[in-house]
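First the structure, in the form of structure tokens, and then the observations on it.
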Amino acid sequence: MEHKDHMLLAVKEAREAAAMGEVPVGCVITDPEGGVIAAAHNLTETKKDATAHAELLAIAEAQKKLGRRLTGCTLYVTLEPCPMCAGAILLSRISSVVFGARDWDRGALLSNANLAHTFLGADLEVLEGIREEECESLLKEFFAQLRSEKN
């Protein structure tokens, strides 16, 4: 599978989140051979838990299968990770992150902070823009609908 194929799985997770009224962010983690070992989407509203981000839920699932260190694994996520998720990615030793859309407000790998390259000992490869338009569209549609419901 290519990056765009794995990202499509993350997009499917994001769509599931949106259908539940959650911010549409989806995440998939692959093992070093490219096999999917974890998939999750945001559940912050459902669980009433600010830490129930797609990335954290997927990391926890992957660690149940492979252990604490996820060296060689790739994390695919529809939106650039926030500082909390970026920290978890670095501490779990994930080797690469592929994301769709930048998060200009809270992104912590490239947009607002560059944790991927400033964290001591971090060796994290970051690739952006995979299925970017699709990922951005999901978010824009979700928030536009949310605003229209409030009016």
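We name chains A, B, ... following the order of the structure tokens; residues begin at 1 in each chain, and ligands are numbered from 1 as shown.
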
Quick one: contact table of segment 41-104 of chain A to segment 136-144 of chain A, 9 Å max, nearest atom pair and distance in Å to one decimal per residue, counting only C-alpha atoms, chain and number order, as a tab-separated table?
```
residue	atom	partner	partner_atom	distance
A:Thr78	CA	A:Glu136	CA	8.3
A:Leu79	CA	A:Glu136	CA	8.1
A:Gly100	CA	A:Glu136	CA	7.7
A:Ala101	CA	A:Glu136	CA	5.8
A:Arg102	CA	A:Glu136	CA	8.4
```

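Remark: for Cys85 of chain A, the closest of the candidate residues A:Leu56, A:Val36, A:Val97, A:Ala19 is A:Leu56 (distances computed over only C-alpha atoms).
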
Residues of segment 31-72 of chain A in strand (DSSP E or B) according to DSSP, as number ranges by chain?
A: 36-41

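The gap separating atom CA of Ile94 of chain A from atom CA of Gly72 of chain A is 6.4 Å, in Å to one decimal.
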
Residues near Cys27 of chain A, anyone? I mean within 6 Å using only C-alpha atoms, not counting same-chain ones fewer than 2 positions away, as a PyMOL selection string.
chain A and resi 10+39-40+54-55+76-77

Hey, what's within 9 Å of Val23 of chain A if we count only C-alpha atoms and toss same-chain stuff fewer than 5 positions away? As a ChimeraX atom specification, please?
/A:14,17-18,41-45,139,142-143

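When the distance limit is 10 Å and only C-alpha atoms are what count, the residues near Ala38 of chain A, minus those fewer than 5 positions from it on the same chain, are Cys27, Val28, Ile29, Thr30, Asp31, Glu55, Leu57, Ala58, Ile59, Ala60, Glu61, Ala62, Gln63, Lys64, Lys65 and Leu75 of chain A.
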
Using DSSP on the backbone coordinates, identify the residues of chain A assigned to alpha helix (DSSP H); present them as a PyMOL selection string.
chain A and resi 3-19+44-47+54-66+83-91+115-118+132-150

Close residues, Gly107 of chain A itself excluded, 10 Å, only C-alpha atoms, min 2 positions apart in chain, as a list in words:
Leu79, Glu80, Pro81, Cys82, Pro83, Met84, Cys85, Ala86, Ala101, Arg102, Asp103, Trp104, Asp105, Leu109, Leu110, Ser111, Asn112, Ala113, Asn114 and Leu115 of chain A

Would you save the residues of that selection, restricted to all heavy atoms, as a short mmCIF file (atom, residue, chain, number, x, y, z; two decimals), in the first residue's frame?
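Once written, again28.cif looks like this:
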```
data_model
loop_
_atom_site.label_atom_id
_atom_site.label_comp_id
_atom_site.auth_asym_id
_atom_site.auth_seq_id
_atom_site.Cartn_x
_atom_site.Cartn_y
_atom_site.Cartn_z
N LEU A 79 -5.18 15.23 10.23
CA LEU A 79 -4.85 16.59 10.64
C LEU A 79 -3.54 16.57 11.40
O LEU A 79 -3.31 15.68 12.24
CB LEU A 79 -5.97 17.16 11.52
CG LEU A 79 -5.82 18.59 12.00
CD1 LEU A 79 -5.87 19.58 10.81
CD2 LEU A 79 -6.92 18.94 13.00
N GLU A 80 -2.71 17.55 11.14
CA GLU A 80 -1.43 17.67 11.84
C GLU A 80 -1.63 17.55 13.36
O GLU A 80 -2.50 18.20 13.93
CB GLU A 80 -0.79 19.02 11.51
CG GLU A 80 0.53 19.27 12.19
CD GLU A 80 1.11 20.63 11.86
OE1 GLU A 80 0.43 21.43 11.16
OE2 GLU A 80 2.23 20.91 12.30
N PRO A 81 -0.84 16.71 14.02
CA PRO A 81 -1.00 16.51 15.46
C PRO A 81 -0.77 17.76 16.30
O PRO A 81 0.07 18.60 15.98
CB PRO A 81 0.06 15.45 15.78
CG PRO A 81 0.24 14.71 14.49
CD PRO A 81 0.12 15.78 13.44
N CYS A 82 -1.54 17.85 17.39
CA CYS A 82 -1.40 18.91 18.37
C CYS A 82 -0.17 18.62 19.26
O CYS A 82 0.43 17.55 19.15
CB CYS A 82 -2.67 19.00 19.23
SG CYS A 82 -2.85 17.60 20.39
N PRO A 83 0.21 19.54 20.15
CA PRO A 83 1.37 19.30 21.01
C PRO A 83 1.26 18.03 21.86
O PRO A 83 2.24 17.30 22.02
CB PRO A 83 1.44 20.55 21.89
CG PRO A 83 0.79 21.62 21.07
CD PRO A 83 -0.31 20.91 20.31
N MET A 84 0.07 17.77 22.40
CA MET A 84 -0.11 16.57 23.23
C MET A 84 0.16 15.31 22.41
O MET A 84 0.88 14.41 22.84
CB MET A 84 -1.54 16.55 23.79
CG MET A 84 -1.90 15.29 24.55
SD MET A 84 -3.58 15.33 25.21
CE MET A 84 -4.58 15.31 23.73
N CYS A 85 -0.43 15.24 21.22
CA CYS A 85 -0.26 14.06 20.38
C CYS A 85 1.15 13.96 19.83
O CYS A 85 1.71 12.86 19.74
CB CYS A 85 -1.28 14.08 19.24
SG CYS A 85 -2.98 13.90 19.85
N ALA A 86 1.74 15.10 19.49
CA ALA A 86 3.13 15.10 19.01
C ALA A 86 4.06 14.55 20.08
O ALA A 86 4.96 13.75 19.79
CB ALA A 86 3.55 16.50 18.59
N ALA A 101 -3.86 17.45 6.39
CA ALA A 101 -3.99 18.90 6.44
C ALA A 101 -3.19 19.47 7.59
O ALA A 101 -3.09 18.86 8.66
CB ALA A 101 -5.47 19.26 6.62
N ARG A 102 -2.65 20.63 7.36
CA ARG A 102 -1.98 21.35 8.44
C ARG A 102 -3.01 21.90 9.42
O ARG A 102 -4.12 22.24 9.03
CB ARG A 102 -1.17 22.52 7.89
CG ARG A 102 0.16 22.09 7.32
CD ARG A 102 1.18 23.15 7.58
NE ARG A 102 2.43 22.82 6.92
CZ ARG A 102 3.55 23.45 7.19
NH1 ARG A 102 3.56 24.45 8.05
NH2 ARG A 102 4.65 23.11 6.58
N ASP A 103 -2.61 21.99 10.67
CA ASP A 103 -3.44 22.64 11.69
C ASP A 103 -2.73 23.94 12.05
O ASP A 103 -1.82 23.96 12.87
CB ASP A 103 -3.59 21.75 12.92
CG ASP A 103 -4.52 22.33 13.96
OD1 ASP A 103 -4.82 23.55 13.89
OD2 ASP A 103 -4.95 21.59 14.85
N TRP A 104 -3.16 25.01 11.41
CA TRP A 104 -2.50 26.30 11.57
C TRP A 104 -2.71 26.87 12.97
O TRP A 104 -1.97 27.77 13.37
CB TRP A 104 -2.97 27.27 10.50
CG TRP A 104 -2.55 26.81 9.14
CD1 TRP A 104 -3.35 26.23 8.18
CD2 TRP A 104 -1.24 26.85 8.58
NE1 TRP A 104 -2.60 25.91 7.07
CE2 TRP A 104 -1.30 26.28 7.29
CE3 TRP A 104 -0.01 27.30 9.06
CZ2 TRP A 104 -0.19 26.16 6.46
CZ3 TRP A 104 1.11 27.18 8.22
CH2 TRP A 104 1.01 26.62 6.95
N ASP A 105 -3.68 26.37 13.73
CA ASP A 105 -3.92 26.87 15.09
C ASP A 105 -3.14 26.08 16.14
O ASP A 105 -2.58 26.66 17.06
CB ASP A 105 -5.41 26.81 15.43
CG ASP A 105 -6.24 27.75 14.59
OD1 ASP A 105 -5.74 28.82 14.21
OD2 ASP A 105 -7.40 27.41 14.31
N LEU A 109 3.89 19.74 14.66
CA LEU A 109 5.01 19.11 13.97
C LEU A 109 5.65 20.05 12.94
O LEU A 109 6.85 19.98 12.71
CB LEU A 109 4.58 17.81 13.28
CG LEU A 109 4.21 16.68 14.22
CD1 LEU A 109 3.83 15.43 13.43
CD2 LEU A 109 5.34 16.37 15.19
N LEU A 110 4.85 20.92 12.34
CA LEU A 110 5.39 21.86 11.35
C LEU A 110 4.82 23.27 11.48
O LEU A 110 5.53 24.24 11.29
CB LEU A 110 5.11 21.35 9.93
CG LEU A 110 5.73 20.02 9.53
CD1 LEU A 110 5.28 19.62 8.13
CD2 LEU A 110 7.24 20.06 9.61
N SER A 111 3.55 23.40 11.78
CA SER A 111 2.87 24.70 11.68
C SER A 111 3.22 25.71 12.77
O SER A 111 3.58 26.83 12.46
CB SER A 111 1.36 24.49 11.64
OG SER A 111 1.02 23.75 10.49
N ASN A 112 3.06 25.36 14.02
CA ASN A 112 3.29 26.31 15.11
C ASN A 112 4.53 25.98 15.93
O ASN A 112 5.18 26.85 16.45
CB ASN A 112 2.08 26.34 16.05
CG ASN A 112 0.89 26.94 15.35
OD1 ASN A 112 0.95 28.05 14.89
ND2 ASN A 112 -0.19 26.19 15.26
N ALA A 113 4.78 24.73 16.06
CA ALA A 113 5.97 24.26 16.75
C ALA A 113 6.58 23.20 15.84
O ALA A 113 5.90 22.63 15.01
CB ALA A 113 5.60 23.65 18.10
N ASN A 114 7.84 22.99 16.01
CA ASN A 114 8.50 21.99 15.17
C ASN A 114 9.07 20.91 16.09
O ASN A 114 10.28 20.69 16.13
CB ASN A 114 9.61 22.66 14.35
CG ASN A 114 10.09 21.79 13.22
OD1 ASN A 114 9.89 20.59 13.24
ND2 ASN A 114 10.72 22.39 12.25
N LEU A 115 8.17 20.28 16.84
CA LEU A 115 8.61 19.29 17.81
C LEU A 115 9.33 18.11 17.17
O LEU A 115 10.16 17.47 17.80
CB LEU A 115 7.43 18.79 18.64
CG LEU A 115 6.77 19.83 19.55
CD1 LEU A 115 5.64 19.20 20.34
CD2 LEU A 115 7.78 20.48 20.47
#
```

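Checking A:Leu66, A:Ile130, A:Ile89, A:Ala52 one by one against His6 of chain A, counting only C-alpha atoms, you find the shortest gap at A:Ile130.
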